[in-house]
Amino acid sequence: LRYLKSYICNSVAELRYMILKCAIIDDEPLAVELLSSYVNKTPFLKLTGAYNSASTAIRDLRENPVDLIFLDIQMPELSGIEFAKILPQETRIIFVTAFSQYAVEGYKVNAMDYLMKPVSYDTFLSAAKKAFDWFATKTRQEAYKQDRFIFVKSDYKLIRVNLDDIMYIEGLKDYVRIYLKDGNKLMSLMNMKNLEDNLPKPEFMRTHRSYIVHMNMVQAVDRFRLVFGDAYIPISDSYKDEVQSYLDRHTMM
């Protein structure tokens with residue numbers, strides 16, 4: 001029990017004190033100054049660099065990568081859209097611009113948010129919190145993937161469940177039922193969306209509003225239903241393309 005409490009407290013503390021390294025790139029000095037002041041009063045952000053052009057930021061960010069960039073779009077030499085295309089995939093971007101016509105193009109390069117100038121601190125904080133939540137989820141996914149277990153609250157106890165023992169999970173209103181390969185089932189007051197976000201992907205995939213499936217445990221696919229012994233898990237239209245893509249990558253023709 002002491003180990004369990006320590007493990008949970010340490011995991012929560014790691015997320016609570018997680019700091020995102022960030023940079024600001026904008027050719028307007030006043031915009032850089034404003035955004036810098038916002039970063040400095042946001043507890044989970046640390047400013048490591050502020051630049052007046054994307055071209056001057058390239059070398060620094062290559063040698064000292066950041067988690068998050070607040071990025072202007074319309075800049076000389078190299079636009080924010082062009083710069084975003086050469087960034088590492090794990091670097092998150094929040095565009096900050098005075099031009100709304102770039103919104104669609106911005107989301108095509110996987111921008112986390114799109115803020116219109118002048119930016120209020122409330123708007124800035126909301127976007128920054130979105131980035132923090134993304135990194136927190138990613139951290140938990142990596143921890144679960146590495147540790148290969150989770151703790152589930154059931155019958156007033158925290159029960160350790162090995163990921164390799166989970167076959168699939170069924171959502172039942174405010175509860176979930178976890179089906180294990182030894183035939184046992186666990187009921188827990190838990191949110192399906194929270195489970196989906198935190199279990200490692202694509203090992204665990206949402207196939208239906210009511211089901212999350214451990215893809216490593218699928219025994220067969222029958223008329224686009226996933227087979228686990230006598231159980232047939234449906235695949236709804238909302239998740240059909242993602243599941244089909246996974247199956248295609250693992251199918252020998």
# chains A, B, ... in the order shown; residues from 1 in each chain; ligands from 1
$ residues_around --residues "Tyr175 in chain A" --least-positions-apart "6" --cutoff "12 Å" --atoms "only C-alpha atoms" --output "PyMOL selection string"
chain A and resi 152-154+169+186-195+210
$ residues_around --residues "range 227-236 of chain A" --least-positions-apart "5" --cutoff "9 Å" --atoms "only C-alpha atoms" --output "list in words"
Met167, Tyr168, Arg206, Thr207, His208, Arg209, Tyr211, Val213, Met217, Val218, Gln219, Ala220, Val221, Asp222 and Val243 of chain A
$ write_last_selection --atoms "N, CA, C and O atoms" --output "PDB file, in the first residue's frame"
ATOM      1  N   MET A 167      -8.474  -7.479 -22.690  1.00  0.00           N
ATOM      2  CA  MET A 167      -8.931  -7.834 -24.030  1.00  0.00           C
ATOM      3  C   MET A 167      -9.678  -6.660 -24.664  1.00  0.00           C
ATOM      4  O   MET A 167      -9.337  -6.200 -25.742  1.00  0.00           O
ATOM      5  N   TYR A 168     -10.700  -6.182 -23.956  1.00  0.00           N
ATOM      6  CA  TYR A 168     -11.428  -5.006 -24.432  1.00  0.00           C
ATOM      7  C   TYR A 168     -12.169  -4.372 -23.269  1.00  0.00           C
ATOM      8  O   TYR A 168     -12.268  -4.941 -22.173  1.00  0.00           O
ATOM      9  N   ARG A 206     -10.269   2.919 -29.947  1.00  0.00           N
ATOM     10  CA  ARG A 206     -11.726   3.061 -29.825  1.00  0.00           C
ATOM     11  C   ARG A 206     -12.325   2.589 -31.137  1.00  0.00           C
ATOM     12  O   ARG A 206     -11.987   3.077 -32.218  1.00  0.00           O
ATOM     13  N   THR A 207     -13.209   1.617 -31.069  1.00  0.00           N
ATOM     14  CA  THR A 207     -13.841   1.084 -32.277  1.00  0.00           C
ATOM     15  C   THR A 207     -15.322   1.433 -32.357  1.00  0.00           C
ATOM     16  O   THR A 207     -15.950   1.238 -33.386  1.00  0.00           O
ATOM     17  N   HIS A 208     -15.845   1.934 -31.240  1.00  0.00           N
ATOM     18  CA  HIS A 208     -17.282   2.173 -31.130  1.00  0.00           C
ATOM     19  C   HIS A 208     -17.485   3.077 -29.927  1.00  0.00           C
ATOM     20  O   HIS A 208     -16.623   3.161 -29.045  1.00  0.00           O
ATOM     21  N   ARG A 209     -18.594   3.786 -29.895  1.00  0.00           N
ATOM     22  CA  ARG A 209     -18.881   4.649 -28.744  1.00  0.00           C
ATOM     23  C   ARG A 209     -18.784   3.881 -27.436  1.00  0.00           C
ATOM     24  O   ARG A 209     -18.403   4.440 -26.410  1.00  0.00           O
ATOM     25  N   TYR A 211     -16.950   0.876 -26.973  1.00  0.00           N
ATOM     26  CA  TYR A 211     -15.878  -0.111 -26.880  1.00  0.00           C
ATOM     27  C   TYR A 211     -14.491   0.483 -27.164  1.00  0.00           C
ATOM     28  O   TYR A 211     -14.314   1.268 -28.099  1.00  0.00           O
ATOM     29  N   VAL A 213     -10.716  -1.383 -27.687  1.00  0.00           N
ATOM     30  CA  VAL A 213     -10.214  -2.735 -27.954  1.00  0.00           C
ATOM     31  C   VAL A 213      -8.689  -2.763 -27.848  1.00  0.00           C
ATOM     32  O   VAL A 213      -8.007  -1.850 -28.311  1.00  0.00           O
ATOM     33  N   MET A 217      -4.869  -8.274 -28.960  1.00  0.00           N
ATOM     34  CA  MET A 217      -5.614  -9.441 -28.490  1.00  0.00           C
ATOM     35  C   MET A 217      -6.696  -9.888 -29.470  1.00  0.00           C
ATOM     36  O   MET A 217      -7.385 -10.886 -29.223  1.00  0.00           O
ATOM     37  N   VAL A 218      -6.858  -9.169 -30.568  1.00  0.00           N
ATOM     38  CA  VAL A 218      -7.897  -9.531 -31.544  1.00  0.00           C
ATOM     39  C   VAL A 218      -7.557 -10.879 -32.179  1.00  0.00           C
ATOM     40  O   VAL A 218      -6.441 -11.094 -32.660  1.00  0.00           O
ATOM     41  N   GLN A 219      -8.523 -11.788 -32.184  1.00  0.00           N
ATOM     42  CA  GLN A 219      -8.293 -13.132 -32.712  1.00  0.00           C
ATOM     43  C   GLN A 219      -8.682 -13.255 -34.183  1.00  0.00           C
ATOM     44  O   GLN A 219      -8.115 -14.069 -34.921  1.00  0.00           O
ATOM     45  N   ALA A 220      -9.654 -12.477 -34.604  1.00  0.00           N
ATOM     46  CA  ALA A 220     -10.111 -12.534 -35.998  1.00  0.00           C
ATOM     47  C   ALA A 220     -10.957 -11.302 -36.300  1.00  0.00           C
ATOM     48  O   ALA A 220     -11.387 -10.584 -35.383  1.00  0.00           O
ATOM     49  N   VAL A 221     -11.166 -11.073 -37.581  1.00  0.00           N
ATOM     50  CA  VAL A 221     -12.078 -10.011 -38.029  1.00  0.00           C
ATOM     51  C   VAL A 221     -13.130 -10.676 -38.906  1.00  0.00           C
ATOM     52  O   VAL A 221     -12.810 -11.306 -39.921  1.00  0.00           O
ATOM     53  N   ASP A 222     -14.385 -10.578 -38.480  1.00  0.00           N
ATOM     54  CA  ASP A 222     -15.473 -11.252 -39.172  1.00  0.00           C
ATOM     55  C   ASP A 222     -16.534 -10.228 -39.545  1.00  0.00           C
ATOM     56  O   ASP A 222     -17.200  -9.665 -38.674  1.00  0.00           O
ATOM     57  N   VAL A 243      -9.648   2.151 -37.877  1.00  0.00           N
ATOM     58  CA  VAL A 243      -9.476   0.714 -37.645  1.00  0.00           C
ATOM     59  C   VAL A 243      -9.036   0.024 -38.928  1.00  0.00           C
ATOM     60  O   VAL A 243      -8.133  -0.831 -38.917  1.00  0.00           O
TER      61      VAL A 243
END
$ residues_around --residues "Glu170 in chain A" --least-positions-apart "5" --cutoff "8 Å" --atoms "only C-alpha atoms" --output "count of residues only"
7
$ select_by_dssp --residues "range 69-241 of chain A" --states "alpha helix (DSSP H)" --output "number ranges by chain"
A: 80-85, 103-108, 121-147, 192-198, 240-241
$ residues_around --residues "Asp67 in chain A" --least-positions-apart "4" --cutoff "12 Å" --atoms "only C-alpha atoms" --output "list of chain:residue names"
A:Met18, A:Ile19, A:Leu20, A:Lys21, A:Cys22, A:Ala23, A:Ile24, A:Phe44, A:Leu45, A:Lys46, A:Leu47, A:Thr48, A:Gly49, A:Leu61, A:Leu87, A:Pro88, A:Gln89, A:Glu90, A:Thr91, A:Arg92, A:Ile93, A:Ile94, A:Met112, A:Ala128, A:Ala131, A:Phe132, A:Trp134, A:Phe135, A:Ala136
$ residues_around --residues "Tyr246 in chain A" --least-positions-apart "4" --cutoff "12 Å" --atoms "only C-alpha atoms" --output "mmCIF file with all heavy atoms, in the first residue's frame"
data_model
loop_
_atom_site.group_PDB
_atom_site.id
_atom_site.type_symbol
_atom_site.label_atom_id
_atom_site.label_comp_id
_atom_site.auth_asym_id
_atom_site.auth_seq_id
_atom_site.Cartn_x
_atom_site.Cartn_y
_atom_site.Cartn_z
ATOM 1 N N LYS A 201 -1.636 4.253 -27.672
ATOM 2 C CA LYS A 201 -2.162 4.046 -29.022
ATOM 3 C C LYS A 201 -1.004 3.638 -29.939
ATOM 4 O O LYS A 201 0.137 4.014 -29.709
ATOM 5 C CB LYS A 201 -2.786 5.354 -29.542
ATOM 6 C CG LYS A 201 -3.998 5.824 -28.765
ATOM 7 C CD LYS A 201 -4.535 7.124 -29.384
ATOM 8 C CE LYS A 201 -5.827 7.577 -28.718
ATOM 9 N NZ LYS A 201 -5.622 7.904 -27.292
ATOM 10 N N PRO A 202 -1.282 2.899 -31.019
ATOM 11 C CA PRO A 202 -2.575 2.339 -31.438
ATOM 12 C C PRO A 202 -2.858 0.969 -30.821
ATOM 13 O O PRO A 202 -3.747 0.267 -31.295
ATOM 14 C CB PRO A 202 -2.404 2.236 -32.947
ATOM 15 C CG PRO A 202 -0.952 1.895 -33.111
ATOM 16 C CD PRO A 202 -0.226 2.634 -32.014
ATOM 17 N N GLU A 203 -2.091 0.603 -29.818
ATOM 18 C CA GLU A 203 -2.316 -0.693 -29.169
ATOM 19 C C GLU A 203 -3.750 -0.818 -28.678
ATOM 20 O O GLU A 203 -4.388 -1.857 -28.840
ATOM 21 C CB GLU A 203 -1.338 -0.858 -28.001
ATOM 22 C CG GLU A 203 -1.437 -2.183 -27.292
ATOM 23 C CD GLU A 203 -0.420 -2.303 -26.161
ATOM 24 O OE1 GLU A 203 0.440 -1.416 -26.014
ATOM 25 O OE2 GLU A 203 -0.505 -3.287 -25.416
ATOM 26 N N PHE A 204 -4.262 0.289 -28.085
ATOM 27 C CA PHE A 204 -5.662 0.342 -27.679
ATOM 28 C C PHE A 204 -6.384 1.329 -28.580
ATOM 29 O O PHE A 204 -5.959 2.479 -28.733
ATOM 30 C CB PHE A 204 -5.787 0.773 -26.221
ATOM 31 C CG PHE A 204 -5.364 -0.290 -25.241
ATOM 32 C CD1 PHE A 204 -4.034 -0.420 -24.880
ATOM 33 C CD2 PHE A 204 -6.294 -1.163 -24.693
ATOM 34 C CE1 PHE A 204 -3.631 -1.411 -23.981
ATOM 35 C CE2 PHE A 204 -5.899 -2.151 -23.798
ATOM 36 C CZ PHE A 204 -4.565 -2.277 -23.450
ATOM 37 N N MET A 205 -7.481 0.878 -29.192
ATOM 38 C CA MET A 205 -8.202 1.715 -30.135
ATOM 39 C C MET A 205 -9.684 1.761 -29.792
ATOM 40 O O MET A 205 -10.286 0.742 -29.424
ATOM 41 C CB MET A 205 -8.038 1.195 -31.577
ATOM 42 C CG MET A 205 -6.629 1.287 -32.106
ATOM 43 S SD MET A 205 -6.521 0.765 -33.844
ATOM 44 C CE MET A 205 -7.386 2.108 -34.627
ATOM 45 N N ARG A 206 -10.269 2.919 -29.947
ATOM 46 C CA ARG A 206 -11.726 3.061 -29.825
ATOM 47 C C ARG A 206 -12.325 2.589 -31.137
ATOM 48 O O ARG A 206 -11.987 3.077 -32.218
ATOM 49 C CB ARG A 206 -12.060 4.537 -29.567
ATOM 50 C CG ARG A 206 -13.520 4.817 -29.220
ATOM 51 C CD ARG A 206 -13.771 4.568 -27.755
ATOM 52 N NE ARG A 206 -15.107 5.003 -27.345
ATOM 53 C CZ ARG A 206 -15.353 6.128 -26.696
ATOM 54 N NH1 ARG A 206 -14.353 6.979 -26.405
ATOM 55 N NH2 ARG A 206 -16.573 6.432 -26.308
ATOM 56 N N THR A 207 -13.209 1.617 -31.069
ATOM 57 C CA THR A 207 -13.841 1.084 -32.277
ATOM 58 C C THR A 207 -15.322 1.433 -32.357
ATOM 59 O O THR A 207 -15.950 1.238 -33.386
ATOM 60 C CB THR A 207 -13.705 -0.451 -32.334
ATOM 61 O OG1 THR A 207 -14.457 -1.029 -31.260
ATOM 62 C CG2 THR A 207 -12.245 -0.869 -32.225
ATOM 63 N N MET A 215 -5.863 -4.122 -29.474
ATOM 64 C CA MET A 215 -5.707 -4.675 -30.818
ATOM 65 C C MET A 215 -4.765 -5.881 -30.843
ATOM 66 O O MET A 215 -4.894 -6.745 -31.711
ATOM 67 C CB MET A 215 -5.211 -3.590 -31.768
ATOM 68 C CG MET A 215 -6.177 -2.416 -31.937
ATOM 69 S SD MET A 215 -7.815 -2.893 -32.527
ATOM 70 C CE MET A 215 -7.471 -3.386 -34.220
ATOM 71 N N ASN A 216 -3.829 -5.961 -29.901
ATOM 72 C CA ASN A 216 -2.925 -7.110 -29.848
ATOM 73 C C ASN A 216 -3.652 -8.401 -29.490
ATOM 74 O O ASN A 216 -3.113 -9.500 -29.680
ATOM 75 C CB ASN A 216 -1.820 -6.874 -28.816
ATOM 76 C CG ASN A 216 -0.875 -5.760 -29.211
ATOM 77 O OD1 ASN A 216 -0.949 -5.246 -30.318
ATOM 78 N ND2 ASN A 216 0.006 -5.379 -28.306
ATOM 79 N N TYR A 239 -15.348 5.278 -36.424
ATOM 80 C CA TYR A 239 -13.989 4.777 -36.203
ATOM 81 C C TYR A 239 -13.536 3.826 -37.307
ATOM 82 O O TYR A 239 -12.443 3.264 -37.236
ATOM 83 C CB TYR A 239 -13.921 4.064 -34.848
ATOM 84 C CG TYR A 239 -14.322 4.958 -33.698
ATOM 85 C CD1 TYR A 239 -15.623 4.919 -33.185
ATOM 86 C CD2 TYR A 239 -13.426 5.864 -33.142
ATOM 87 C CE1 TYR A 239 -16.008 5.747 -32.149
ATOM 88 C CE2 TYR A 239 -13.806 6.693 -32.103
ATOM 89 C CZ TYR A 239 -15.105 6.637 -31.614
ATOM 90 O OH TYR A 239 -15.481 7.473 -30.590
ATOM 91 N N LYS A 240 -14.369 3.666 -38.325
ATOM 92 C CA LYS A 240 -14.126 2.675 -39.366
ATOM 93 C C LYS A 240 -12.806 2.898 -40.098
ATOM 94 O O LYS A 240 -12.014 1.974 -40.288
ATOM 95 C CB LYS A 240 -15.294 2.693 -40.363
ATOM 96 C CG LYS A 240 -15.224 1.620 -41.437
ATOM 97 C CD LYS A 240 -16.470 1.668 -42.304
ATOM 98 C CE LYS A 240 -16.434 0.587 -43.366
ATOM 99 N NZ LYS A 240 -17.664 0.615 -44.208
ATOM 100 N N ASP A 241 -12.526 4.143 -40.507
ATOM 101 C CA ASP A 241 -11.325 4.428 -41.292
ATOM 102 C C ASP A 241 -10.055 4.173 -40.488
ATOM 103 O O ASP A 241 -9.080 3.608 -41.003
ATOM 104 C CB ASP A 241 -11.341 5.876 -41.784
ATOM 105 C CG ASP A 241 -12.409 6.125 -42.842
ATOM 106 O OD1 ASP A 241 -12.910 5.131 -43.412
ATOM 107 O OD2 ASP A 241 -12.752 7.291 -43.093
ATOM 108 N N GLU A 242 -10.064 4.571 -39.220
ATOM 109 C CA GLU A 242 -8.883 4.383 -38.381
ATOM 110 C C GLU A 242 -8.598 2.903 -38.140
ATOM 111 O O GLU A 242 -7.449 2.455 -38.224
ATOM 112 C CB GLU A 242 -9.072 5.109 -37.041
ATOM 113 C CG GLU A 242 -7.836 5.111 -36.155
ATOM 114 C CD GLU A 242 -8.062 5.878 -34.862
ATOM 115 O OE1 GLU A 242 -9.180 6.406 -34.650
ATOM 116 O OE2 GLU A 242 -7.118 5.932 -34.050
ATOM 117 N N HIS A 250 -1.362 -4.337 -40.943
ATOM 118 C CA HIS A 250 -0.992 -5.618 -40.334
ATOM 119 C C HIS A 250 -1.523 -6.825 -41.127
ATOM 120 O O HIS A 250 -1.582 -7.938 -40.608
ATOM 121 C CB HIS A 250 -1.531 -5.688 -38.896
ATOM 122 C CG HIS A 250 -0.853 -4.723 -37.976
ATOM 123 N ND1 HIS A 250 -1.220 -3.383 -37.910
ATOM 124 C CD2 HIS A 250 0.163 -4.880 -37.085
ATOM 125 C CE1 HIS A 250 -0.443 -2.782 -37.011
ATOM 126 N NE2 HIS A 250 0.384 -3.651 -36.501
ATOM 127 N N THR A 251 -1.894 -6.586 -42.390
ATOM 128 C CA THR A 251 -2.460 -7.670 -43.203
ATOM 129 C C THR A 251 -1.469 -8.114 -44.253
ATOM 130 O O THR A 251 -0.914 -7.296 -44.988
ATOM 131 C CB THR A 251 -3.764 -7.208 -43.883
ATOM 132 O OG1 THR A 251 -4.722 -6.839 -42.865
ATOM 133 C CG2 THR A 251 -4.343 -8.318 -44.734
#
$ residues_around --residues "Ile73 in chain A" --least-positions-apart "4" --cutoff "8 Å" --atoms "only C-alpha atoms" --output "MDAnalysis selection string"
chainID A and resid 79:81 95:97 102
$ closest_residue --among "A:Arg59, A:Leu35, A:Asn198, A:Glu28" --to "Asp133 in chain A" --atoms "only C-alpha atoms"
A:Asn198
$ select_by_dssp --residues "range 12-211 of chain A" --states "strand (DSSP E)" --output "ChimeraX atom specification"
/A:20-25,45-51,68-71,92-97,113-116,149-154,157-162,166-172,175-180,185-189,204-208,211
